[in-house]
>>> print(open('target-v3.pdb').read())   # PDB, C-alpha atoms
ATOM      1  CA  MET M   1      36.333 168.986 165.290
ATOM      2  CA  ARG M   2      35.560 166.448 162.587
ATOM      3  CA  ASN M   3      39.049 166.968 161.029
ATOM      4  CA  PHE M   4      40.691 166.435 164.422
ATOM      5  CA  THR M   5      38.703 163.249 165.004
ATOM      6  CA  PHE M   6      39.477 161.905 161.542
ATOM      7  CA  LYS M   7      43.152 162.708 161.945
ATOM      8  CA  GLY M   8      43.245 161.045 165.363
ATOM      9  CA  LEU M   9      41.558 157.919 164.052
ATOM     10  CA  PHE M  10      43.910 157.806 161.068
ATOM     11  CA  LEU M  11      47.018 158.063 163.280
ATOM     12  CA  ALA M  12      45.668 155.430 165.681
ATOM     13  CA  ALA M  13      45.028 153.062 162.797
ATOM     14  CA  MET M  14      48.517 153.660 161.421
ATOM     15  CA  PHE M  15      50.090 152.954 164.803
ATOM     16  CA  MET M  16      48.134 149.697 165.048
ATOM     17  CA  VAL M  17      49.240 148.597 161.573
ATOM     18  CA  LEU M  18      52.870 149.511 162.183
ATOM     19  CA  GLY M  19      52.802 147.809 165.566
ATOM     20  CA  SER M  20      51.380 144.668 164.030
ATOM     21  CA  LEU M  21      54.037 144.684 161.320
ATOM     22  CA  ALA M  22      56.769 145.210 163.914
ATOM     23  CA  ILE M  23      55.570 142.225 165.953
ATOM     24  CA  GLN M  24      55.343 140.088 162.853
ATOM     25  CA  ALA M  25      58.834 141.163 161.785
ATOM     26  CA  ALA M  26      60.200 140.492 165.261
ATOM     27  CA  ASP M  27      59.150 136.873 165.553
ATOM     28  CA  ASN M  28      58.681 136.030 161.864
ATOM     29  CA  GLY M  29      56.172 133.402 162.909
ATOM     30  CA  LEU M  30      58.685 131.561 165.097
ATOM     31  CA  ILE M  31      57.470 129.457 168.019
ATOM     32  CA  THR M  32      59.692 130.603 170.882
ATOM     33  CA  ARG M  33      57.996 128.912 173.830
ATOM     34  CA  GLN M  34      59.213 125.442 174.773
ATOM     35  CA  VAL M  35      57.404 122.734 172.822
ATOM     36  CA  THR M  36      57.290 119.366 174.600
ATOM     37  CA  VAL M  37      56.810 116.230 172.522
ATOM     38  CA  LYS M  38      56.244 112.756 173.944
ATOM     39  CA  VAL M  39      57.443 109.992 171.653
ATOM     40  CA  TYR M  40      55.754 106.744 172.615
ATOM     41  CA  GLU M  41      57.470 104.761 169.868
ATOM     42  CA  ALA M  42      60.936 105.417 168.518
ATOM     43  CA  GLY M  43      60.923 106.692 164.949
ATOM     44  CA  THR M  44      57.633 108.591 165.169
ATOM     45  CA  LEU M  45      58.819 112.108 166.073
ATOM     46  CA  SER M  46      57.876 113.441 162.631
ATOM     47  CA  GLU M  47      54.274 112.371 163.250
ATOM     48  CA  LYS M  48      54.132 114.527 166.381
ATOM     49  CA  ILE M  49      55.257 117.760 164.736
ATOM     50  CA  ALA M  50      53.236 119.408 161.973
ATOM     51  CA  TYR M  51      55.348 120.024 158.897
ATOM     52  CA  ASN M  52      54.387 123.719 158.755
ATOM     53  CA  LYS M  53      55.768 124.153 162.292
ATOM     54  CA  MET M  54      58.890 122.057 161.885
ATOM     55  CA  TYR M  55      61.114 124.959 160.830
ATOM     56  CA  LYS M  56      59.547 127.440 163.281
ATOM     57  CA  ILE M  57      60.183 125.726 166.614
ATOM     58  CA  THR M  58      63.140 127.233 168.477
ATOM     59  CA  ASN M  59      62.861 125.425 171.820
ATOM     60  CA  LEU M  60      62.119 121.686 171.955
ATOM     61  CA  LYS M  61      61.951 119.088 174.722
ATOM     62  CA  ILE M  62      61.594 115.417 173.786
ATOM     63  CA  ILE M  63      60.386 112.705 176.156
ATOM     64  CA  GLY M  64      60.742 109.034 175.254
ATOM     65  CA  GLU M  65      62.925 106.839 173.043
ATOM     66  CA  ILE M  66      64.448 108.253 169.865
ATOM     67  CA  ASN M  67      66.330 106.492 167.089
ATOM     68  CA  GLY M  68      68.066 107.455 163.852
ATOM     69  CA  THR M  69      64.836 108.450 162.126
ATOM     70  CA  ASP M  70      64.068 110.894 164.928
ATOM     71  CA  LEU M  71      67.613 112.245 165.053
ATOM     72  CA  ARG M  72      67.410 112.996 161.341
ATOM     73  CA  VAL M  73      64.308 115.126 162.034
ATOM     74  CA  ILE M  74      66.051 116.876 164.933
ATOM     75  CA  ARG M  75      69.051 117.688 162.753
ATOM     76  CA  GLU M  76      66.793 119.142 160.071
ATOM     77  CA  MET M  77      65.018 121.287 162.670
ATOM     78  CA  ALA M  78      68.431 122.412 163.967
ATOM     79  CA  GLY M  79      69.446 123.764 160.580
ATOM     80  CA  ASN M  80      71.504 121.010 158.992
ATOM     81  CA  ALA M  81      70.609 117.805 157.176
ATOM     82  CA  PHE M  82      73.303 115.580 155.660
ATOM     83  CA  GLY M  83      75.785 118.463 155.781
ATOM     84  CA  HIS M  84      73.499 120.935 154.008
ATOM     85  CA  ASP M  85      71.813 123.911 155.661
ATOM     86  CA  THR M  86      68.053 123.937 156.165
ATOM     87  CA  ASP M  87      65.607 126.632 157.292
ATOM     88  CA  GLY M  88      65.357 125.045 160.742
ATOM     89  CA  LYS M  89      65.559 127.459 163.694
ATOM     90  CA  LEU M  90      65.887 125.056 166.615
ATOM     91  CA  SER M  91      68.369 126.523 169.112
ATOM     92  CA  VAL M  92      67.440 124.994 172.481
ATOM     93  CA  LEU M  93      67.134 121.210 172.716
ATOM     94  CA  ASP M  94      66.330 119.316 175.927
ATOM     95  CA  LEU M  95      66.874 115.552 175.765
ATOM     96  CA  SER M  96      67.139 115.044 179.537
ATOM     97  CA  ASP M  97      64.063 112.777 179.519
ATOM     98  CA  ALA M  98      64.890 111.072 176.228
ATOM     99  CA  LYS M  99      66.757 107.837 175.554
ATOM    100  CA  ILE M 100      68.759 107.137 172.408
ATOM    101  CA  VAL M 101      68.139 103.629 171.086
ATOM    102  CA  LYS M 102      69.366 101.513 168.217
ATOM    103  CA  GLY M 103      67.260 101.363 165.046
ATOM    104  CA  GLY M 104      65.512 103.479 162.453
ATOM    105  CA  ASP M 105      66.982 105.115 159.357
ATOM    106  CA  PHE M 106      70.460 106.580 159.116
ATOM    107  CA  TYR M 107      70.662 110.093 160.536
ATOM    108  CA  TYR M 108      73.737 111.238 158.604
ATOM    109  CA  GLU M 109      75.493 110.362 155.383
ATOM    110  CA  ALA M 110      79.137 111.377 155.156
ATOM    111  CA  ASP M 111      80.964 111.993 151.893
ATOM    112  CA  LEU M 112      84.374 110.423 152.451
ATOM    113  CA  GLU M 113      86.785 111.296 149.654
ATOM    114  CA  TYR M 114      89.762 109.033 148.997
ATOM    115  CA  ASN M 115      92.244 109.773 146.236
ATOM    116  CA  GLY M 116      89.698 111.727 144.199
ATOM    117  CA  THR M 117      86.901 109.187 144.556
ATOM    118  CA  HIS M 118      83.823 109.642 146.733
ATOM    119  CA  GLU M 119      82.559 107.035 149.117
ATOM    120  CA  TYR M 120      79.439 107.528 151.200
ATOM    121  CA  GLU M 121      79.017 106.132 154.673
ATOM    122  CA  CYS M 122      75.739 106.119 156.586
ATOM    123  CA  TYR M 123      75.495 106.474 160.357
ATOM    124  CA  TYR M 124      72.868 104.915 162.598
ATOM    125  CA  THR M 125      72.050 105.279 166.288
ATOM    126  CA  SER M 126      73.266 102.903 168.997
ATOM    127  CA  ASN M 127      71.910 102.509 172.508
ATOM    128  CA  ASP M 128      72.937 105.330 174.843
ATOM    129  CA  LYS M 129      75.496 106.800 172.480
ATOM    130  CA  ILE M 130      75.823 110.201 170.851
ATOM    131  CA  GLY M 131      77.076 108.722 167.600
ATOM    132  CA  ASP M 132      79.590 109.942 165.058
ATOM    133  CA  TYR M 133      78.377 113.111 163.273
ATOM    134  CA  ALA M 134      75.232 113.201 165.460
ATOM    135  CA  PHE M 135      75.014 117.016 165.531
ATOM    136  CA  PHE M 136      77.658 117.720 162.894
ATOM    137  CA  ARG M 137      77.575 121.418 161.850
ATOM    138  CA  CYS M 138      74.357 122.196 163.746
ATOM    139  CA  SER M 139      75.727 125.672 164.401
ATOM    140  CA  GLY M 140      72.323 127.137 165.330
ATOM    141  CA  LEU M 141      72.118 125.131 168.555
ATOM    142  CA  THR M 142      72.901 127.292 171.570
ATOM    143  CA  SER M 143      71.822 125.026 174.432
ATOM    144  CA  LEU M 144      71.704 121.243 174.571
ATOM    145  CA  THR M 145      70.836 118.917 177.444
ATOM    146  CA  LEU M 146      71.868 115.341 176.724
ATOM    147  CA  PRO M 147      70.159 112.195 178.032
ATOM    148  CA  SER M 148      71.540 111.197 181.424
ATOM    149  CA  GLY M 149      72.109 107.619 180.239
ATOM    150  CA  VAL M 150      74.618 108.527 177.530
ATOM    151  CA  THR M 151      77.916 106.653 177.912
ATOM    152  CA  GLU M 152      79.853 107.686 174.802
ATOM    153  CA  ILE M 153      80.295 110.714 172.542
ATOM    154  CA  GLY M 154      81.442 109.731 169.068
ATOM    155  CA  ASP M 155      83.792 111.253 166.519
ATOM    156  CA  TYR M 156      82.686 114.594 165.024
ATOM    157  CA  ALA M 157      79.551 114.477 167.217
ATOM    158  CA  PHE M 158      79.410 118.273 167.725
ATOM    159  CA  PHE M 159      81.866 119.314 165.024
ATOM    160  CA  ARG M 160      81.573 123.067 164.352
ATOM    161  CA  CYS M 161      78.578 123.592 166.642
ATOM    162  CA  SER M 162      79.913 127.113 167.044
ATOM    163  CA  GLY M 163      76.698 128.528 168.536
ATOM    164  CA  LEU M 164      76.694 126.103 171.455
ATOM    165  CA  THR M 165      77.187 127.986 174.710
ATOM    166  CA  SER M 166      75.630 125.583 177.203
ATOM    167  CA  LEU M 167      76.351 121.858 177.403
ATOM    168  CA  THR M 168      76.642 119.402 180.264
ATOM    169  CA  ILE M 169      78.354 116.098 179.524
ATOM    170  CA  PRO M 170      76.479 113.344 181.433
ATOM    171  CA  SER M 171      78.341 111.722 184.314
ATOM    172  CA  GLY M 172      78.152 108.262 182.716
ATOM    173  CA  VAL M 173      80.238 109.213 179.663
ATOM    174  CA  THR M 174      83.499 107.240 179.506
ATOM    175  CA  GLU M 175      84.754 108.137 176.030
ATOM    176  CA  ILE M 176      85.001 111.373 174.043
ATOM    177  CA  GLY M 177      85.806 110.773 170.379
ATOM    178  CA  GLY M 178      88.107 112.556 167.988
ATOM    179  CA  ASN M 179      86.985 115.988 166.741
ATOM    180  CA  ALA M 180      83.924 115.616 168.980
ATOM    181  CA  PHE M 181      83.767 119.331 169.862
ATOM    182  CA  TYR M 182      86.035 120.718 167.143
ATOM    183  CA  CYS M 183      85.575 124.481 166.765
ATOM    184  CA  CYS M 184      82.792 124.791 169.355
ATOM    185  CA  SER M 185      83.996 128.339 169.913
ATOM    186  CA  GLY M 186      80.911 129.383 171.912
ATOM    187  CA  LEU M 187      81.653 127.076 174.860
ATOM    188  CA  THR M 188      83.170 128.990 177.772
ATOM    189  CA  SER M 189      83.478 126.349 180.484
ATOM    190  CA  LEU M 190      83.444 122.586 180.515
ATOM    191  CA  THR M 191      83.616 119.808 183.073
ATOM    192  CA  ILE M 192      84.674 116.416 181.797
ATOM    193  CA  PRO M 193      83.021 113.564 183.763
ATOM    194  CA  SER M 194      85.050 111.489 186.190
ATOM    195  CA  GLY M 195      84.585 108.273 184.181
ATOM    196  CA  VAL M 196      86.400 109.516 181.080
ATOM    197  CA  THR M 197      89.827 107.907 180.577
ATOM    198  CA  LYS M 198      90.750 109.110 177.081
ATOM    199  CA  ILE M 199      90.220 112.407 175.262
ATOM    200  CA  GLY M 200      90.387 111.842 171.514
ATOM    201  CA  ASP M 201      92.515 113.595 168.915
ATOM    202  CA  SER M 202      91.320 117.165 168.220
ATOM    203  CA  ALA M 203      88.392 116.595 170.607
ATOM    204  CA  PHE M 204      88.303 120.265 171.657
ATOM    205  CA  ASP M 205      90.520 121.708 168.939
ATOM    206  CA  PHE M 206      89.895 125.459 168.397
ATOM    207  CA  CYS M 207      87.378 125.817 171.230
ATOM    208  CA  SER M 208      88.688 129.347 171.576
ATOM    209  CA  GLY M 209      85.945 130.473 173.958
ATOM    210  CA  LEU M 210      86.943 128.026 176.709
ATOM    211  CA  THR M 211      88.291 129.878 179.727
ATOM    212  CA  SER M 212      87.898 127.150 182.337
ATOM    213  CA  LEU M 213      88.460 123.421 181.994
ATOM    214  CA  THR M 214      88.307 120.604 184.531
ATOM    215  CA  ILE M 215      90.012 117.344 183.574
ATOM    216  CA  PRO M 216      89.212 114.501 186.018
ATOM    217  CA  SER M 217      91.768 112.213 187.647
ATOM    218  CA  SER M 218      90.435 109.290 185.601
ATOM    219  CA  VAL M 219      91.963 110.669 182.374
ATOM    220  CA  THR M 220      95.201 108.921 181.444
ATOM    221  CA  TRP M 221      95.574 109.869 177.777
ATOM    222  CA  ILE M 222      95.146 113.211 175.987
ATOM    223  CA  GLY M 223      95.227 112.898 172.205
ATOM    224  CA  ASP M 224      96.984 114.876 169.486
ATOM    225  CA  ASN M 225      95.635 118.439 169.121
ATOM    226  CA  ALA M 226      93.084 117.673 171.856
ATOM    227  CA  PHE M 227      92.957 121.298 173.068
ATOM    228  CA  SER M 228      95.011 122.983 170.377
ATOM    229  CA  GLY M 229      93.987 126.575 169.666
ATOM    230  CA  CYS M 230      92.043 127.000 172.931
ATOM    231  CA  SER M 231      93.456 130.508 173.194
ATOM    232  CA  GLY M 232      90.984 131.649 175.845
ATOM    233  CA  LEU M 233      92.000 128.954 178.317
ATOM    234  CA  THR M 234      93.488 130.536 181.415
ATOM    235  CA  SER M 235      93.077 127.771 183.957
ATOM    236  CA  LEU M 236      94.313 124.208 183.516
ATOM    237  CA  THR M 237      94.994 121.405 185.959
ATOM    238  CA  LEU M 238      96.413 118.151 184.625
ATOM    239  CA  PRO M 239      95.512 115.293 186.996
ATOM    240  CA  SER M 240      98.099 112.986 188.492
ATOM    241  CA  GLY M 241      96.918 109.992 186.452
ATOM    242  CA  VAL M 242      97.796 111.394 183.017
ATOM    243  CA  THR M 243     100.500 109.275 181.399
ATOM    244  CA  GLU M 244     100.513 110.561 177.821
ATOM    245  CA  ILE M 245     100.033 113.980 176.218
ATOM    246  CA  GLY M 246      99.829 113.866 172.439
ATOM    247  CA  SER M 247     101.544 116.035 169.861
ATOM    248  CA  ARG M 248     100.302 119.662 169.789
ATOM    249  CA  ALA M 249      97.765 118.761 172.508
ATOM    250  CA  PHE M 250      97.783 122.296 173.952
ATOM    251  CA  SER M 251      99.596 124.199 171.204
ATOM    252  CA  GLY M 252      98.406 127.760 170.740
ATOM    253  CA  CYS M 253      96.837 127.987 174.213
ATOM    254  CA  SER M 254      98.252 131.480 174.543
ATOM    255  CA  GLY M 255      96.079 132.390 177.536
ATOM    256  CA  LEU M 256      97.716 129.878 179.882
ATOM    257  CA  THR M 257      99.939 131.551 182.461
ATOM    258  CA  SER M 258     101.031 128.647 184.684
ATOM    259  CA  LEU M 259     101.413 124.923 184.103
ATOM    260  CA  THR M 260     102.235 121.933 186.279
ATOM    261  CA  LEU M 261     102.963 118.590 184.625
ATOM    262  CA  PRO M 262     102.372 115.555 186.878
ATOM    263  CA  SER M 263     104.983 112.939 187.720
ATOM    264  CA  SER M 264     102.782 110.200 186.204
ATOM    265  CA  LEU M 265     103.675 111.327 182.671
ATOM    266  CA  THR M 266     105.504 108.832 180.486
ATOM    267  CA  SER M 267     105.298 110.727 177.194
ATOM    268  CA  ILE M 268     104.883 114.279 175.884
ATOM    269  CA  GLY M 269     104.435 114.614 172.132
ATOM    270  CA  ASP M 270     106.083 117.041 169.721
ATOM    271  CA  ARG M 271     105.089 120.701 170.123
ATOM    272  CA  ALA M 272     102.607 119.780 172.881
ATOM    273  CA  PHE M 273     102.694 123.329 174.309
ATOM    274  CA  ARG M 274     104.122 125.176 171.332
ATOM    275  CA  GLY M 275     102.972 128.804 171.128
ATOM    276  CA  CYS M 276     101.692 128.996 174.715
ATOM    277  CA  SER M 277     103.134 132.489 174.848
ATOM    278  CA  GLY M 278     101.377 133.477 178.072
ATOM    279  CA  LEU M 279     103.158 130.860 180.198
ATOM    280  CA  THR M 280     105.381 132.498 182.807
ATOM    281  CA  SER M 281     105.989 129.476 185.042
ATOM    282  CA  ILE M 282     106.302 125.794 184.125
ATOM    283  CA  TYR M 283     106.709 123.010 186.643
ATOM    284  CA  VAL M 284     107.924 119.761 185.097
ATOM    285  CA  TYR M 285     108.371 116.453 186.919
ATOM    286  CA  THR M 286     110.223 114.206 184.506
ATOM    287  CA  GLU M 287     111.924 111.498 186.596
ATOM    288  CA  LYS M 288     109.837 108.762 184.974
ATOM    289  CA  LEU M 289     109.604 110.381 181.557
ATOM    290  CA  PRO M 290     111.282 108.262 178.855
ATOM    291  CA  SER M 291     109.992 110.254 175.914
ATOM    292  CA  ILE M 292     109.818 114.000 175.358
ATOM    293  CA  GLY M 293     109.143 115.239 171.852
ATOM    294  CA  SER M 294     110.799 118.103 170.042
ATOM    295  CA  ASP M 295     109.904 121.778 170.509
ATOM    296  CA  VAL M 296     107.514 120.950 173.357
ATOM    297  CA  PHE M 297     107.629 124.490 174.762
ATOM    298  CA  TYR M 298     108.725 126.360 171.644
ATOM    299  CA  GLY M 299     107.451 129.946 171.680
ATOM    300  CA  CYS M 300     106.717 129.983 175.405
ATOM    301  CA  ASN M 301     107.942 133.002 177.332
ATOM    302  CA  ALA M 302     108.334 131.297 180.687
ATOM    303  CA  LYS M 303     110.770 133.107 182.940
ATOM    304  CA  LYS M 304     110.838 130.194 185.368
ATOM    305  CA  MET M 305     111.009 126.502 184.523
ATOM    306  CA  TYR M 306     111.393 124.077 187.385
ATOM    307  CA  CYS M 307     112.521 120.556 186.444
ATOM    308  CA  LEU M 308     113.421 117.627 188.694
ATOM    309  CA  CYS M 309     115.059 115.732 185.883
ATOM    310  CA  SER M 310     115.296 116.553 182.191
ATOM    311  CA  LYS M 311     115.402 113.939 179.435
ATOM    312  CA  GLY M 312     115.166 115.162 175.873
ATOM    313  CA  ASN M 313     114.676 118.574 174.335
ATOM    314  CA  LEU M 314     112.209 120.717 176.281
TER
END
>>> encode(input="target-v3.pdb", output="structure tokens")
Amino acid sequence: MRNFTFKGLFLAAMFMVLGSLAIQAADNGLITRQVTVKVYEAGTLSEKIAYNKMYKITNLKIIGEINGTDLRVIREMAGNAFGHDTDGKLSVLDLSDAKIVKGGDFYYEADLEYNGTHEYECYYTSNDKIGDYAFFRCSGLTSLTLPSGVTEIGDYAFFRCSGLTSLTIPSGVTEIGGNAFYCCSGLTSLTIPSGVTKIGDSAFDFCSGLTSLTIPSSVTWIGDNAFSGCSGLTSLTLPSGVTEIGSRAFSGCSGLTSLTLPSSLTSIGDRAFRGCSGLTSIYVYTEKLPSIGSDVFYGCNAKKMYCLCSKGNL
């Protein structure tokens, strides 16, 4: 009886130890609940978060004004500071009740190489703008809610944020910069706000996870390589106001099956739809089109191409 009791107690103790180790191994000390921080003065976010918790927070909501000093802290928590990886584990960031303001330290320093020499350029926050390189290479972010007052998304703002699966672009945004979402391969659907008029060069280049895309009627210009390599894209509607499609803008979008080009177009760049091998039907309205680049539809397997008037080499 005593042996049975001892054995039972020993096994119970072992189970408790193993269970404790399993729990510890599972969360590794990470703080997975949402942590809400109120910033009463821009530049003081670091004072609100204990240093020993900075790299353990996975879900963060910020309320109040934030500047470059705060954005630098956020970037470090999200796993990347000045282009170098950190131990930060932040994956969910809610800035819906935050406001980006001018001031504070620089949040990113870019190494710009010209002819073998290195030049460094620092980036600072501006009012209501997601600035250039703001979340550059923060690949650990999976969900991001931007401030509703944001009006502009700068160049390279979300460059290679490959883990990002959820993002809503605020309705007040009027400009999306070049390479803004380059290689954000985790994004599956995206709605561009109705105030946007231009989509920058390579803005969504290699966003291979995109399957659905809504481009508003306000857009008049789509830059070079804007959606190049978006191989998962199956649905695309180009609004009637688009006047210019840049070179290679949709090249490699092999998932597209049907395409209608609006009569408002005045220019289609070289290889704009090169390699869109899934296209079976193309509707082209070219009466007012003075400029069509070379190899626009090279590599497309369209069995039907309907043209009102053809000028140039399609």
>>> closest_atom_pairs(input="target-v3.pdb", of="stretch 101-214 of chain M", to="stretch 252-263 of chain M", cutoff="10 Å", atoms="all atoms listed in the file", output="tab-separated table")
residue	atom	partner	partner_atom	distance
M:Phe206	CA	M:Gly252	CA	9.1
M:Ser208	CA	M:Cys253	CA	8.7
M:Thr211	CA	M:Gly255	CA	8.5
>>> atom_distance(input="target-v3.pdb", atom1="atom CA of M:Tyr156", atom2="atom CA of M:Gly83")
12.2 Å
>>> resolve_selection(input="target-v3.pdb", expression="the PyMOL selection byres ((chain M and resi 120) around 6)", output="number ranges by chain")
M: 110-112, 119, 121
>>> residues_around(input="target-v3.pdb", residues="M:Met54", least_positions_apart="4", cutoff="12 Å", atoms="all atoms listed in the file", output="short mmCIF file (atom, residue, chain, number, x, y, z; two decimals) with C-alpha atoms, keeping the file's coordinate frame")
data_model
loop_
_atom_site.label_atom_id
_atom_site.label_comp_id
_atom_site.auth_asym_id
_atom_site.auth_seq_id
_atom_site.Cartn_x
_atom_site.Cartn_y
_atom_site.Cartn_z
CA GLY M 29 56.17 133.40 162.91
CA LEU M 30 58.68 131.56 165.10
CA ILE M 31 57.47 129.46 168.02
CA VAL M 35 57.40 122.73 172.82
CA LEU M 45 58.82 112.11 166.07
CA SER M 46 57.88 113.44 162.63
CA GLU M 47 54.27 112.37 163.25
CA LYS M 48 54.13 114.53 166.38
CA ILE M 49 55.26 117.76 164.74
CA ALA M 50 53.24 119.41 161.97
CA THR M 58 63.14 127.23 168.48
CA ASN M 59 62.86 125.42 171.82
CA LEU M 60 62.12 121.69 171.96
CA VAL M 73 64.31 115.13 162.03
CA ILE M 74 66.05 116.88 164.93
CA ARG M 75 69.05 117.69 162.75
CA GLU M 76 66.79 119.14 160.07
CA MET M 77 65.02 121.29 162.67
CA ALA M 78 68.43 122.41 163.97
CA GLY M 79 69.45 123.76 160.58
CA THR M 86 68.05 123.94 156.16
CA ASP M 87 65.61 126.63 157.29
CA GLY M 88 65.36 125.04 160.74
CA LYS M 89 65.56 127.46 163.69
CA LEU M 90 65.89 125.06 166.62
#
>>> atom_distance(input="target-v3.pdb", atom1="atom CA of M:Ile130", atom2="atom CA of M:Gly154")
5.9 Å
>>> closest_residue(input="target-v3.pdb", among="M:Thr69, M:Ser264, M:Thr197, M:Thr188", to="M:Val284", atoms="all atoms listed in the file")
M:Ser264
>>> resolve_selection(input="target-v3.pdb", expression="the PyMOL selection byres ((chain M and resi 183) around 12)", output="PyMOL selection string")
chain M and resi 136-139+156-164+179-182+184-187+202-210+225-231
>>> closest_atom_pairs(input="target-v3.pdb", of="stretch 115-139 of chain M", to="stretch 91-100 of chain M", cutoff="8 Å", atoms="all atoms listed in the file", output="CSV")
residue,atom,partner,partner_atom,distance
M:Thr125,CA,M:Ile100,CA,7.2
M:Ser126,CA,M:Ile100,CA,7.1
M:Asn127,CA,M:Ile100,CA,5.6
M:Asp128,CA,M:Ile100,CA,5.2
M:Lys129,CA,M:Ile100,CA,6.7
M:Ile130,CA,M:Ile100,CA,7.9
>>> write_last_selection(input="target-v3.pdb", atoms="C-alpha atoms", output="tab-separated table (two decimals), in the frame of the given file")
chain	number	residue	atom	x	y	z
M	125	THR	CA	72.05	105.28	166.29
M	126	SER	CA	73.27	102.90	169.00
M	127	ASN	CA	71.91	102.51	172.51
M	128	ASP	CA	72.94	105.33	174.84
M	129	LYS	CA	75.50	106.80	172.48
M	130	ILE	CA	75.82	110.20	170.85
>>> resolve_selection(input="target-v3.pdb", expression="the PyMOL selection byres ((chain M and resi 279) around 6)", output="PyMOL selection string")
chain M and resi 256-258+276-278+280-281+301-302
>>> atom_distance(input="target-v3.pdb", atom1="atom CA of M:Gly293", atom2="atom CA of M:Thr243")
14.2 Å
>>> residues_near_point(input="target-v3.pdb", point="(66.5, 107.1, 165.3)", cutoff="10 Å", atoms="all atoms listed in the file", output="list in words")
Ala42, Gly43, Thr44, Leu45, Glu65, Ile66, Asn67, Gly68, Thr69, Asp70, Leu71, Arg72, Val73, Ile74, Ile100, Val101, Lys102, Gly103, Gly104, Asp105, Phe106, Tyr107, Tyr124, Thr125 and Ser126 of chain M
>>> axis_aligned_box(input="target-v3.pdb", around="stretch 233-244 of chain M", padding_each_side="4 Å", output="lines of an AutoDock Vina configuration file")
center_x = 96.3
center_y = 119.9
center_z = 183.2
size_x = 16.5
size_y = 29.3
size_z = 18.7
>>> closest_residue(input="target-v3.pdb", among="M:Gly200, M:Gly140, M:Gly223, M:Gly269", to="M:Thr174", atoms="all atoms listed in the file")
M:Gly200
>>> residues_around(input="target-v3.pdb", residues="M:Ser267", least_positions_apart="6", cutoff="6 Å", atoms="all atoms listed in the file", output="ChimeraX atom specification")
/M:244,291-292
>>> residues_near_point(input="target-v3.pdb", point="(84.9, 112.6, 183.5)", cutoff="7 Å", atoms="all atoms listed in the file", output="PDB file with C-alpha atoms, in the coordinates of the input")
ATOM      1  CA  SER M 171      78.341 111.722 184.314  1.00  0.00           C
ATOM      2  CA  VAL M 173      80.238 109.213 179.663  1.00  0.00           C
ATOM      3  CA  THR M 174      83.499 107.240 179.506  1.00  0.00           C
ATOM      4  CA  ILE M 192      84.674 116.416 181.797  1.00  0.00           C
ATOM      5  CA  PRO M 193      83.021 113.564 183.763  1.00  0.00           C
ATOM      6  CA  SER M 194      85.050 111.489 186.190  1.00  0.00           C
ATOM      7  CA  GLY M 195      84.585 108.273 184.181  1.00  0.00           C
ATOM      8  CA  VAL M 196      86.400 109.516 181.080  1.00  0.00           C
ATOM      9  CA  ILE M 215      90.012 117.344 183.574  1.00  0.00           C
ATOM     10  CA  PRO M 216      89.212 114.501 186.018  1.00  0.00           C
ATOM     11  CA  SER M 218      90.435 109.290 185.601  1.00  0.00           C
TER      12      SER M 218
END
